[in-house]
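File shown: data_28.pdb (PDB, C-alpha atoms).
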```
ATOM      1  CA  MET A   1      27.256  28.358   5.327
ATOM      2  CA  ARG A   2      25.350  25.140   5.841
ATOM      3  CA  LEU A   3      22.678  23.635   3.611
ATOM      4  CA  HIS A   4      20.673  20.803   5.124
ATOM      5  CA  VAL A   5      19.223  18.113   2.885
ATOM      6  CA  GLY A   6      17.319  14.953   3.635
ATOM      7  CA  CYS A   7      14.588  12.459   2.859
ATOM      8  CA  ALA A   8      11.113  11.564   4.038
ATOM      9  CA  MET A   9      12.439   8.772   6.257
ATOM     10  CA  TRP A  10      15.723   7.373   7.564
ATOM     11  CA  THR A  11      15.060   3.714   6.880
ATOM     12  CA  HIS A  12      13.664   2.231   3.675
ATOM     13  CA  LYS A  13      13.855  -1.358   2.441
ATOM     14  CA  PRO A  14      15.357  -0.510  -1.009
ATOM     15  CA  TRP A  15      18.304   1.172   0.751
ATOM     16  CA  GLN A  16      19.247  -1.896   2.787
ATOM     17  CA  GLY A  17      22.462  -3.538   1.673
ATOM     18  CA  ARG A  18      22.795  -1.034  -1.170
ATOM     19  CA  LEU A  19      23.040   2.411   0.403
ATOM     20  CA  LEU A  20      22.970   1.426   4.055
ATOM     21  CA  PRO A  21      24.508  -1.544   5.847
ATOM     22  CA  HIS A  22      22.267  -4.559   6.278
ATOM     23  CA  PRO A  23      21.300  -5.914   8.688
ATOM     24  CA  LEU A  24      21.261  -3.002  11.108
ATOM     25  CA  PRO A  25      19.499  -2.955  14.488
ATOM     26  CA  PRO A  26      16.776  -0.311  14.741
ATOM     27  CA  GLY A  27      18.924   1.701  17.149
ATOM     28  CA  GLU A  28      21.616   2.186  14.502
ATOM     29  CA  ARG A  29      19.604   2.952  11.366
ATOM     30  CA  LEU A  30      19.288   6.685  11.938
ATOM     31  CA  ARG A  31      23.004   6.912  12.752
ATOM     32  CA  ALA A  32      23.818   5.301   9.393
ATOM     33  CA  TYR A  33      21.378   7.531   7.516
ATOM     34  CA  ALA A  34      22.952  10.599   9.143
ATOM     35  CA  THR A  35      26.187   9.909   7.276
ATOM     36  CA  TRP A  36      24.286  10.405   4.017
ATOM     37  CA  CYS A  37      22.044  13.348   4.917
ATOM     38  CA  ASN A  38      22.045  15.981   7.649
ATOM     39  CA  ALA A  39      18.260  16.328   7.981
ATOM     40  CA  VAL A  40      15.135  14.180   7.961
ATOM     41  CA  GLU A  41      11.385  14.677   7.898
ATOM     42  CA  GLY A  42       9.687  13.449  11.033
ATOM     43  CA  ASN A  43       6.642  11.953   9.321
ATOM     44  CA  THR A  44       6.037   9.122  11.788
ATOM     45  CA  THR A  45       4.957  11.560  14.489
ATOM     46  CA  PHE A  46       1.922  12.451  12.352
ATOM     47  CA  TYR A  47       0.392   9.070  13.154
ATOM     48  CA  ALA A  48       1.167   8.995  16.876
ATOM     49  CA  THR A  49       3.192  10.882  19.448
ATOM     50  CA  PRO A  50       6.302   8.772  20.082
ATOM     51  CA  ALA A  51       7.452   7.652  23.488
ATOM     52  CA  ARG A  52       9.985  10.022  25.005
ATOM     53  CA  SER A  53      12.427   7.105  25.311
ATOM     54  CA  THR A  54      12.174   6.557  21.549
ATOM     55  CA  VAL A  55      13.000  10.200  20.878
ATOM     56  CA  GLU A  56      15.986   9.888  23.215
ATOM     57  CA  THR A  57      17.385   7.193  20.920
ATOM     58  CA  TRP A  58      16.953   9.544  17.921
ATOM     59  CA  ALA A  59      18.942  12.215  19.701
ATOM     60  CA  GLY A  60      21.605   9.693  20.683
ATOM     61  CA  GLN A  61      22.185   8.700  17.050
ATOM     62  CA  THR A  62      22.639  12.228  15.700
ATOM     63  CA  GLY A  63      24.854  15.218  16.328
ATOM     64  CA  PRO A  64      23.483  18.570  17.526
ATOM     65  CA  ASP A  65      23.697  20.012  13.987
ATOM     66  CA  PHE A  66      21.406  17.337  12.528
ATOM     67  CA  ARG A  67      17.932  18.657  11.705
ATOM     68  CA  PHE A  68      14.560  17.075  12.364
ATOM     69  CA  VAL A  69      11.511  18.776  10.867
ATOM     70  CA  VAL A  70       8.917  17.067  13.026
ATOM     71  CA  LYS A  71       5.250  16.854  12.033
ATOM     72  CA  LEU A  72       2.553  17.502  14.619
ATOM     73  CA  PRO A  73       0.185  14.546  15.133
ATOM     74  CA  LYS A  74      -2.936  14.355  12.988
ATOM     75  CA  SER A  75      -5.026  14.256  16.155
ATOM     76  CA  ILE A  76      -4.101  17.939  16.542
ATOM     77  CA  THR A  77      -4.091  19.109  12.928
ATOM     78  CA  HIS A  78      -6.690  16.976  11.174
ATOM     79  CA  GLU A  79      -9.022  15.602  13.831
ATOM     80  CA  ARG A  80      -9.249  18.573  16.202
ATOM     81  CA  ARG A  81      -8.251  21.097  13.504
ATOM     82  CA  LEU A  82      -6.065  23.049  15.968
ATOM     83  CA  THR A  83      -8.803  23.584  18.576
ATOM     84  CA  GLY A  84      -9.252  21.942  21.953
ATOM     85  CA  ALA A  85      -6.030  19.948  21.629
ATOM     86  CA  GLU A  86      -4.115  21.338  24.615
ATOM     87  CA  ASP A  87      -3.449  17.926  26.176
ATOM     88  CA  GLU A  88      -2.191  16.465  22.895
ATOM     89  CA  VAL A  89       0.055  19.471  22.304
ATOM     90  CA  ARG A  90       1.583  19.213  25.784
ATOM     91  CA  ALA A  91       2.214  15.485  25.334
ATOM     92  CA  PHE A  92       3.875  16.100  21.971
ATOM     93  CA  PHE A  93       6.200  18.789  23.293
ATOM     94  CA  ASP A  94       7.190  16.618  26.230
ATOM     95  CA  ALA A  95       7.951  13.688  23.911
ATOM     96  CA  ILE A  96      10.222  15.629  21.528
ATOM     97  CA  GLU A  97      12.094  17.566  24.221
ATOM     98  CA  PRO A  98      15.140  15.214  24.095
ATOM     99  CA  LEU A  99      15.857  16.365  20.528
ATOM    100  CA  GLY A 100      16.949  19.747  21.841
ATOM    101  CA  PRO A 101      18.405  21.862  18.998
ATOM    102  CA  ARG A 102      17.911  18.991  16.542
ATOM    103  CA  ALA A 103      14.202  19.872  16.450
ATOM    104  CA  HIS A 104      14.849  22.466  13.785
ATOM    105  CA  MET A 105      11.194  23.165  13.052
ATOM    106  CA  LEU A 106       7.828  21.805  14.092
ATOM    107  CA  TRP A 107       5.735  21.141  11.032
ATOM    108  CA  ILE A 108       2.010  21.836  10.982
ATOM    109  CA  GLN A 109       0.578  20.082   7.935
ATOM    110  CA  LEU A 110      -3.041  21.113   7.461
ATOM    111  CA  PRO A 111      -5.749  19.192   5.571
ATOM    112  CA  GLY A 112      -6.947  20.340   2.172
ATOM    113  CA  SER A 113     -10.232  21.454   3.718
ATOM    114  CA  PHE A 114      -8.470  23.960   5.970
ATOM    115  CA  GLY A 115      -8.998  27.176   4.026
ATOM    116  CA  PRO A 116      -8.918  30.968   4.345
ATOM    117  CA  ALA A 117     -11.944  30.958   6.660
ATOM    118  CA  ASP A 118      -9.818  29.017   9.157
ATOM    119  CA  ALA A 119      -6.883  31.452   9.146
ATOM    120  CA  GLY A 120      -7.961  32.934  12.468
ATOM    121  CA  VAL A 121      -7.894  29.495  14.067
ATOM    122  CA  LEU A 122      -4.350  28.985  12.811
ATOM    123  CA  GLY A 123      -3.279  32.383  14.133
ATOM    124  CA  THR A 124      -4.700  31.648  17.579
ATOM    125  CA  PHE A 125      -3.056  28.228  17.646
ATOM    126  CA  LEU A 126       0.356  29.595  16.656
ATOM    127  CA  ALA A 127       0.136  32.385  19.235
ATOM    128  CA  ARG A 128      -0.334  29.832  22.020
ATOM    129  CA  LEU A 129       2.627  27.643  21.091
ATOM    130  CA  PRO A 130       5.886  27.875  23.075
ATOM    131  CA  ARG A 131       8.395  30.375  21.681
ATOM    132  CA  SER A 132      11.147  27.824  22.322
ATOM    133  CA  HIS A 133      10.564  26.297  18.877
ATOM    134  CA  ARG A 134      10.259  27.433  15.278
ATOM    135  CA  TYR A 135       7.175  26.508  13.303
ATOM    136  CA  GLY A 136       6.394  25.789   9.674
ATOM    137  CA  VAL A 137       2.946  25.433   8.127
ATOM    138  CA  GLU A 138       2.039  23.418   5.037
ATOM    139  CA  VAL A 139      -1.344  24.228   3.492
ATOM    140  CA  ARG A 140      -3.138  22.390   0.710
ATOM    141  CA  HIS A 141      -6.300  24.420   0.148
ATOM    142  CA  ARG A 142      -6.233  25.729  -3.417
ATOM    143  CA  ALA A 143      -7.269  29.260  -2.426
ATOM    144  CA  PHE A 144      -3.957  29.781  -0.650
ATOM    145  CA  PHE A 145      -2.284  29.458  -4.046
ATOM    146  CA  ASP A 146      -4.850  30.942  -6.435
ATOM    147  CA  ASP A 147      -6.439  33.811  -4.492
ATOM    148  CA  PRO A 148      -4.060  36.746  -3.820
ATOM    149  CA  ARG A 149      -6.175  37.864  -0.853
ATOM    150  CA  ALA A 150      -5.912  34.404   0.731
ATOM    151  CA  VAL A 151      -2.164  34.373   0.114
ATOM    152  CA  ARG A 152      -1.747  37.753   1.828
ATOM    153  CA  LEU A 153      -3.944  36.621   4.709
ATOM    154  CA  LEU A 154      -1.925  33.488   5.336
ATOM    155  CA  GLU A 155       1.397  35.289   5.001
ATOM    156  CA  ALA A 156       0.224  37.847   7.571
ATOM    157  CA  VAL A 157      -0.821  35.122  10.020
ATOM    158  CA  LEU A 158       2.503  33.339   9.628
ATOM    159  CA  ALA A 159       4.538  36.540   9.880
ATOM    160  CA  GLY A 160       2.765  37.416  13.107
ATOM    161  CA  ALA A 161       4.076  34.185  14.633
ATOM    162  CA  GLY A 162       7.467  34.168  12.919
ATOM    163  CA  ALA A 163       6.421  30.946  11.174
ATOM    164  CA  GLU A 164       7.495  29.652   7.766
ATOM    165  CA  TRP A 165       5.284  28.531   4.868
ATOM    166  CA  ILE A 166       6.537  25.071   3.833
ATOM    167  CA  PRO A 167       5.927  24.403   0.129
ATOM    168  CA  PHE A 168       5.445  20.883  -1.192
ATOM    169  CA  ASP A 169       6.474  21.053  -4.847
ATOM    170  CA  THR A 170       4.679  18.284  -6.736
ATOM    171  CA  THR A 171       4.640  20.050 -10.104
ATOM    172  CA  VAL A 172       7.163  17.698 -11.695
ATOM    173  CA  LEU A 173       5.093  14.658 -10.730
ATOM    174  CA  PHE A 174       1.944  16.081 -12.332
ATOM    175  CA  ARG A 175       3.647  17.487 -15.414
ATOM    176  CA  SER A 176       3.055  14.269 -17.363
ATOM    177  CA  PRO A 177       1.184  10.988 -16.776
ATOM    178  CA  PRO A 178       2.649   8.431 -14.351
ATOM    179  CA  THR A 179       4.903   5.698 -15.711
ATOM    180  CA  SER A 180       5.285   3.364 -12.706
ATOM    181  CA  ASP A 181       3.117   1.854  -9.995
ATOM    182  CA  ALA A 182       4.705   4.153  -7.417
ATOM    183  CA  GLU A 183       3.971   7.203  -9.561
ATOM    184  CA  ARG A 184       0.379   6.097 -10.109
ATOM    185  CA  ASP A 185      -0.040   5.730  -6.360
ATOM    186  CA  ALA A 186       1.468   9.182  -5.792
ATOM    187  CA  TRP A 187      -0.953  10.677  -8.322
ATOM    188  CA  THR A 188      -3.869   9.569  -6.156
ATOM    189  CA  LYS A 189      -2.394  10.755  -2.836
ATOM    190  CA  LYS A 190      -0.190  13.825  -3.314
ATOM    191  CA  PRO A 191      -1.592  17.360  -3.412
ATOM    192  CA  ARG A 192      -1.769  19.037  -6.818
ATOM    193  CA  VAL A 193      -0.997  22.661  -5.997
ATOM    194  CA  PRO A 194       0.926  25.412  -7.814
ATOM    195  CA  LEU A 195       4.592  26.069  -7.173
ATOM    196  CA  ARG A 196       5.504  28.439  -4.367
ATOM    197  CA  ALA A 197       9.115  29.519  -3.785
ATOM    198  CA  THR A 198       8.970  32.465  -1.396
ATOM    199  CA  ALA A 199      10.735  32.349   1.980
ATOM    200  CA  LEU A 200       9.153  34.176   4.913
ATOM    201  CA  THR A 201      11.925  33.555   7.462
ATOM    202  CA  ASP A 202      15.662  32.959   7.629
ATOM    203  CA  ARG A 203      15.092  29.181   7.757
ATOM    204  CA  PRO A 204      13.054  28.176   4.714
ATOM    205  CA  VAL A 205      12.098  24.521   4.301
ATOM    206  CA  VAL A 206      11.270  22.955   0.920
ATOM    207  CA  ARG A 207       9.711  19.585   0.156
ATOM    208  CA  TYR A 208      10.349  18.536  -3.434
ATOM    209  CA  LEU A 209       8.780  15.497  -5.130
ATOM    210  CA  GLY A 210      10.374  14.283  -8.356
ATOM    211  CA  ARG A 211       9.823  11.203 -10.503
ATOM    212  CA  ASP A 212      11.093   7.641 -10.422
ATOM    213  CA  ASP A 213      13.146   8.598 -13.478
ATOM    214  CA  GLN A 214      16.146  10.204 -11.785
ATOM    215  CA  ALA A 215      17.023  12.383 -14.774
ATOM    216  CA  ARG A 216      13.557  13.960 -14.682
ATOM    217  CA  THR A 217      13.903  14.514 -10.941
ATOM    218  CA  VAL A 218      17.186  16.373 -11.424
ATOM    219  CA  GLU A 219      15.831  18.399 -14.337
ATOM    220  CA  GLY A 220      12.806  19.379 -12.283
ATOM    221  CA  TRP A 221      14.786  20.748  -9.351
ATOM    222  CA  ARG A 222      16.966  23.183 -11.318
ATOM    223  CA  HIS A 223      14.923  26.201 -10.267
ATOM    224  CA  TRP A 224      15.259  25.069  -6.642
ATOM    225  CA  VAL A 225      19.038  24.947  -6.967
ATOM    226  CA  ASP A 226      19.009  28.601  -8.041
ATOM    227  CA  THR A 227      16.466  29.580  -5.381
ATOM    228  CA  VAL A 228      18.330  27.838  -2.555
ATOM    229  CA  ALA A 229      21.647  29.285  -3.700
ATOM    230  CA  GLY A 230      20.038  32.740  -3.583
ATOM    231  CA  TRP A 231      18.734  32.126  -0.076
ATOM    232  CA  LEU A 232      22.180  31.117   1.107
ATOM    233  CA  ARG A 233      23.717  34.270  -0.368
ATOM    234  CA  GLU A 234      21.077  36.262   1.521
ATOM    235  CA  GLY A 235      22.223  34.675   4.782
ATOM    236  CA  ARG A 236      19.324  32.253   5.132
ATOM    237  CA  SER A 237      19.737  28.658   6.337
ATOM    238  CA  PRO A 238      17.575  26.430   4.086
ATOM    239  CA  THR A 239      16.582  22.794   4.427
ATOM    240  CA  VAL A 240      15.504  20.777   1.378
ATOM    241  CA  PHE A 241      13.860  17.354   1.414
ATOM    242  CA  VAL A 242      14.034  15.312  -1.789
ATOM    243  CA  HIS A 243      11.281  12.773  -2.466
ATOM    244  CA  THR A 244      10.524  10.477  -5.361
ATOM    245  CA  PRO A 245       7.447   8.241  -5.616
ATOM    246  CA  ASP A 246       9.456   5.120  -4.743
ATOM    247  CA  ASN A 247      12.235   6.923  -2.767
ATOM    248  CA  ALA A 248      14.651   4.180  -3.825
ATOM    249  CA  ASP A 249      17.482   6.637  -4.543
ATOM    250  CA  ALA A 250      16.381   9.521  -2.326
ATOM    251  CA  PRO A 251      19.581   9.733  -0.214
ATOM    252  CA  VAL A 252      21.755   9.813  -3.348
ATOM    253  CA  LEU A 253      19.501  12.434  -4.916
ATOM    254  CA  ALA A 254      19.602  14.579  -1.772
ATOM    255  CA  ARG A 255      23.400  14.566  -1.903
ATOM    256  CA  LEU A 256      23.356  15.402  -5.607
ATOM    257  CA  PHE A 257      21.106  18.362  -4.896
ATOM    258  CA  HIS A 258      23.535  19.498  -2.209
ATOM    259  CA  ASP A 259      26.423  19.174  -4.683
ATOM    260  CA  ALA A 260      24.523  21.218  -7.282
ATOM    261  CA  VAL A 261      23.998  24.060  -4.814
ATOM    262  CA  ARG A 262      27.627  23.928  -3.669
ATOM    263  CA  ALA A 263      28.689  24.315  -7.288
ATOM    264  CA  GLU A 264      26.902  27.686  -7.239
ATOM    265  CA  VAL A 265      27.846  28.631  -3.661
ATOM    266  CA  PRO A 266      31.269  27.060  -2.925
ATOM    267  CA  GLY A 267      31.237  28.308   0.652
ATOM    268  CA  VAL A 268      28.571  25.789   1.644
ATOM    269  CA  GLU A 269      29.916  23.246   4.118
ATOM    270  CA  PRO A 270      30.210  19.752   2.578
ATOM    271  CA  LEU A 271      28.184  16.796   3.758
ATOM    272  CA  PRO A 272      29.850  14.004   5.726
ATOM    273  CA  GLU A 273      31.192  11.025   3.826
ATOM    274  CA  PRO A 274      28.877   7.982   3.890
ATOM    275  CA  LEU A 275      29.996   5.225   6.226
ATOM    276  CA  SER A 276      32.440   2.744   4.740
ATOM    277  CA  GLY A 277      30.580  -0.200   3.253
ATOM    278  CA  GLN A 278      27.318   1.676   2.729
ATOM    279  CA  LEU A 279      27.561   1.453  -1.017
ATOM    280  CA  GLY A 280      27.234  -2.329  -1.017
ATOM    281  CA  ASP A 281      28.589  -3.725  -4.275
ATOM    282  CA  GLN A 282      29.595  -0.277  -5.587
ATOM    283  CA  ALA A 283      33.290   0.461  -5.459
ATOM    284  CA  GLN A 284      34.073   2.680  -2.485
ATOM    285  CA  ASP A 285      35.950   5.185  -4.665
ATOM    286  CA  GLU A 286      33.166   5.401  -7.245
ATOM    287  CA  PRO A 287      31.560   8.871  -7.206
ATOM    288  CA  LEU A 288      27.905   9.275  -6.383
ATOM    289  CA  THR A 289      26.098   9.621  -9.682
ATOM    290  CA  LEU A 290      22.944   8.478 -11.375
ATOM    291  CA  PHE A 291      23.976   8.864 -14.982
TER
END
```

Here is a file; write its structure as structure tokens.
Amino acid sequence: MRLHVGCAMWTHKPWQGRLLPHPLPPGERLRAYATWCNAVEGNTTFYATPARSTVETWAGQTGPDFRFVVKLPKSITHERRLTGAEDEVRAFFDAIEPLGPRAHMLWIQLPGSFGPADAGVLGTFLARLPRSHRYGVEVRHRAFFDDPRAVRLLEAVLAGAGAEWIPFDTTVLFRSPPTSDAERDAWTKKPRVPLRATALTDRPVVRYLGRDDQARTVEGWRHWVDTVAGWLREGRSPTVFVHTPDNADAPVLARLFHDAVRAEVPGVEPLPEPLSGQLGDQAQDEPLTLF
């Protein structure tokens, strides 16, 4: 059994020289990150479709079992709202083709204004996408969490396309007032929606946002450890992305989450060992821990 874990990015200034070697040329940063985590969110593609040559370098730095969950560009999801975007969709699929099996899921993040009345548009869009990929949808309209009829409607649309519902769990962040600048910034930008922990397919994807206090982050994910362990026992293949407002320790936290699940399901394949020297001033034989 394999559990994939990762972060919102593969390069981050606070990691340099502490978790990852520094300096590193851009063409080696993903390779170094991939020794810490075996998955990554493809957030950069939301802002622009990358050049195919750029995606080729991503594929060249990762093995075929590495997972990218790649976000569709906002020109498709937010500006055109899934209609009349055929040219943009074709360009996106051509650009990411070099990822091959690494493109684990294509991620359709919809704006908060995209509600139950738009479910038909989503269904039509999903039906026209190539069957060569798996798809996950993240919604932020409150009705999809509060109105049982809207929940059933969305689940039916997704089931019809074999697509997953990607939850973004921000409940720990909003449980108590922010205590850092990064948390205050997150409070203004992150969606405040109820917890959802139901898998629709055999490849559930979870996005979890904790706090800058690592102990509170770990405490907040305990229900996810149990949920993910249950999915694995059911034969599912989950992917979990660990965020914090500042993401300073996100790779370490992702590995700790993986360890917590393996403690419940010992058959889960271990993660690779981080590259020698990636711990900076930490002793190489010192275990990964936050406490």

Exercise for review: Skip segment 198-212 of chain A itself and residues of its chain fewer than 3 positions away, then list as a list in words all residues within 6 Å of it, counting only C-alpha atoms.
Suggested key: Glu164, Ile166, Pro167, Phe168, Asp169, Thr170, Val172, Leu173, Thr217, Arg236, Ser237, Pro238, Thr239, Val240, Phe241, Val242, His243 and Thr244 of chain A

Decode the PyMOL selection byres ((chain A and resi 246-258) around 7) for the given file into explicit residues and return them as a CSV table (one decimal) with C-alpha atoms, keeping the file's coordinate frame.
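result35.csv, written as the output of this step:
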```
chain,number,residue,atom,x,y,z
A,5,VAL,CA,19.2,18.1,2.9
A,6,GLY,CA,17.3,15.0,3.6
A,7,CYS,CA,14.6,12.5,2.9
A,14,PRO,CA,15.4,-0.5,-1.0
A,15,TRP,CA,18.3,1.2,0.8
A,36,TRP,CA,24.3,10.4,4.0
A,37,CYS,CA,22.0,13.3,4.9
A,182,ALA,CA,4.7,4.2,-7.4
A,212,ASP,CA,11.1,7.6,-10.4
A,242,VAL,CA,14.0,15.3,-1.8
A,243,HIS,CA,11.3,12.8,-2.5
A,244,THR,CA,10.5,10.5,-5.4
A,245,PRO,CA,7.4,8.2,-5.6
A,259,ASP,CA,26.4,19.2,-4.7
A,260,ALA,CA,24.5,21.2,-7.3
A,261,VAL,CA,24.0,24.1,-4.8
A,262,ARG,CA,27.6,23.9,-3.7
A,288,LEU,CA,27.9,9.3,-6.4
```

Exactly which residues make up the result of the PyMOL selection byres ((chain A and resi 114) around 9) on this file, given as an mmCIF file with C-alpha atoms, in the coordinates of the input?
```cif
data_model
loop_
_atom_site.group_PDB
_atom_site.id
_atom_site.type_symbol
_atom_site.label_atom_id
_atom_site.label_comp_id
_atom_site.auth_asym_id
_atom_site.auth_seq_id
_atom_site.Cartn_x
_atom_site.Cartn_y
_atom_site.Cartn_z
ATOM 1 C CA HIS A 78 -6.690 16.976 11.174
ATOM 2 C CA ARG A 81 -8.251 21.097 13.504
ATOM 3 C CA LEU A 110 -3.041 21.113 7.461
ATOM 4 C CA PRO A 111 -5.749 19.192 5.571
ATOM 5 C CA GLY A 112 -6.947 20.340 2.172
ATOM 6 C CA SER A 113 -10.232 21.454 3.718
ATOM 7 C CA GLY A 115 -8.998 27.176 4.026
ATOM 8 C CA PRO A 116 -8.918 30.968 4.345
ATOM 9 C CA ALA A 117 -11.944 30.958 6.660
ATOM 10 C CA ASP A 118 -9.818 29.017 9.157
ATOM 11 C CA ALA A 119 -6.883 31.452 9.146
ATOM 12 C CA VAL A 139 -1.344 24.228 3.492
ATOM 13 C CA ARG A 140 -3.138 22.390 0.710
ATOM 14 C CA HIS A 141 -6.300 24.420 0.148
#
```

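Atom pair atom CA of Lys13 of chain A / atom CA of Glu97 of chain A has a distance of 28.9 Å (rounded to one decimal).
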
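For the pair atom CA of Arg184 of chain A and atom CA of Ala39 of chain A, the separation is 27.4 Å.
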
Review point. Using all atoms listed in the file, which residue out of A:Glu86, A:Tyr47, A:Gly162, A:Arg31 lies closest to Gly63 of chain A?
Key: A:Arg31

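The spacing separating atom CA of Asp181 of chain A from atom CA of Asp213 of chain A amounts to 12.6 Å.
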
Review point. With only C-alpha atoms as the atoms that count, which of A:Thr11, A:Thr35, A:Thr227, A:Thr188 lies nearest to Leu275 of chain A?
Key: A:Thr35

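Between Pro274 of chain A and the residues A:Lys190, A:Leu3, A:Trp221, A:Arg18, the shortest atom-to-atom distance, using only C-alpha atoms, involves A:Arg18.
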
Rebuild N, CA, C and O atoms on segment 39-56 of chain A, as a short mmCIF file (atom, residue, chain, number, x, y, z; two decimals), keeping the file's coordinate frame?
```cif
data_model
loop_
_atom_site.label_atom_id
_atom_site.label_comp_id
_atom_site.auth_asym_id
_atom_site.auth_seq_id
_atom_site.Cartn_x
_atom_site.Cartn_y
_atom_site.Cartn_z
N ALA A 39 19.61 15.97 7.55
CA ALA A 39 18.26 16.33 7.98
C ALA A 39 17.31 15.20 7.62
O ALA A 39 17.61 14.37 6.75
N VAL A 40 16.16 15.18 8.28
CA VAL A 40 15.14 14.18 7.96
C VAL A 40 13.77 14.74 8.32
O VAL A 40 13.64 15.54 9.26
N GLU A 41 12.77 14.35 7.55
CA GLU A 41 11.38 14.68 7.90
C GLU A 41 10.90 13.72 8.99
O GLU A 41 11.08 12.51 8.87
N GLY A 42 10.27 14.28 9.98
CA GLY A 42 9.69 13.45 11.03
C GLY A 42 8.24 13.13 10.73
O GLY A 42 7.32 13.65 11.38
N ASN A 43 8.01 12.28 9.74
CA ASN A 43 6.64 11.95 9.32
C ASN A 43 5.93 11.00 10.27
O ASN A 43 4.71 11.02 10.36
N THR A 44 6.69 10.14 10.96
CA THR A 44 6.04 9.12 11.79
C THR A 44 5.24 9.75 12.93
O THR A 44 4.26 9.16 13.38
N THR A 45 5.66 10.93 13.38
CA THR A 45 4.96 11.56 14.49
C THR A 45 3.56 12.04 14.10
O THR A 45 2.76 12.37 14.97
N PHE A 46 3.26 12.08 12.80
CA PHE A 46 1.92 12.45 12.35
C PHE A 46 0.90 11.41 12.80
O PHE A 46 -0.25 11.74 13.09
N TYR A 47 1.31 10.16 12.86
CA TYR A 47 0.39 9.07 13.15
C TYR A 47 0.23 8.81 14.65
O TYR A 47 -0.80 8.31 15.08
N ALA A 48 1.25 9.17 15.43
CA ALA A 48 1.17 8.99 16.88
C ALA A 48 2.34 9.71 17.53
O ALA A 48 3.45 9.73 16.98
N THR A 49 2.10 10.28 18.69
CA THR A 49 3.19 10.88 19.45
C THR A 49 4.10 9.77 19.94
O THR A 49 3.64 8.83 20.59
N PRO A 50 5.40 9.84 19.66
CA PRO A 50 6.30 8.77 20.08
C PRO A 50 6.56 8.81 21.58
O PRO A 50 6.36 9.84 22.24
N ALA A 51 7.02 7.68 22.10
CA ALA A 51 7.45 7.65 23.49
C ALA A 51 8.70 8.52 23.64
O ALA A 51 9.54 8.57 22.75
N ARG A 52 8.81 9.18 24.76
CA ARG A 52 9.98 10.02 25.00
C ARG A 52 11.28 9.20 24.92
O ARG A 52 12.29 9.68 24.40
N SER A 53 11.23 7.95 25.37
CA SER A 53 12.43 7.10 25.31
C SER A 53 12.83 6.84 23.86
O SER A 53 14.03 6.72 23.55
N THR A 54 11.86 6.74 22.97
CA THR A 54 12.17 6.56 21.55
C THR A 54 12.88 7.78 21.01
O THR A 54 13.88 7.68 20.28
N VAL A 55 12.38 8.96 21.35
CA VAL A 55 13.00 10.20 20.88
C VAL A 55 14.42 10.34 21.44
O VAL A 55 15.31 10.86 20.76
N GLU A 56 14.64 9.87 22.64
CA GLU A 56 15.99 9.89 23.22
C GLU A 56 16.96 9.09 22.37
O GLU A 56 18.12 9.48 22.19
#
```
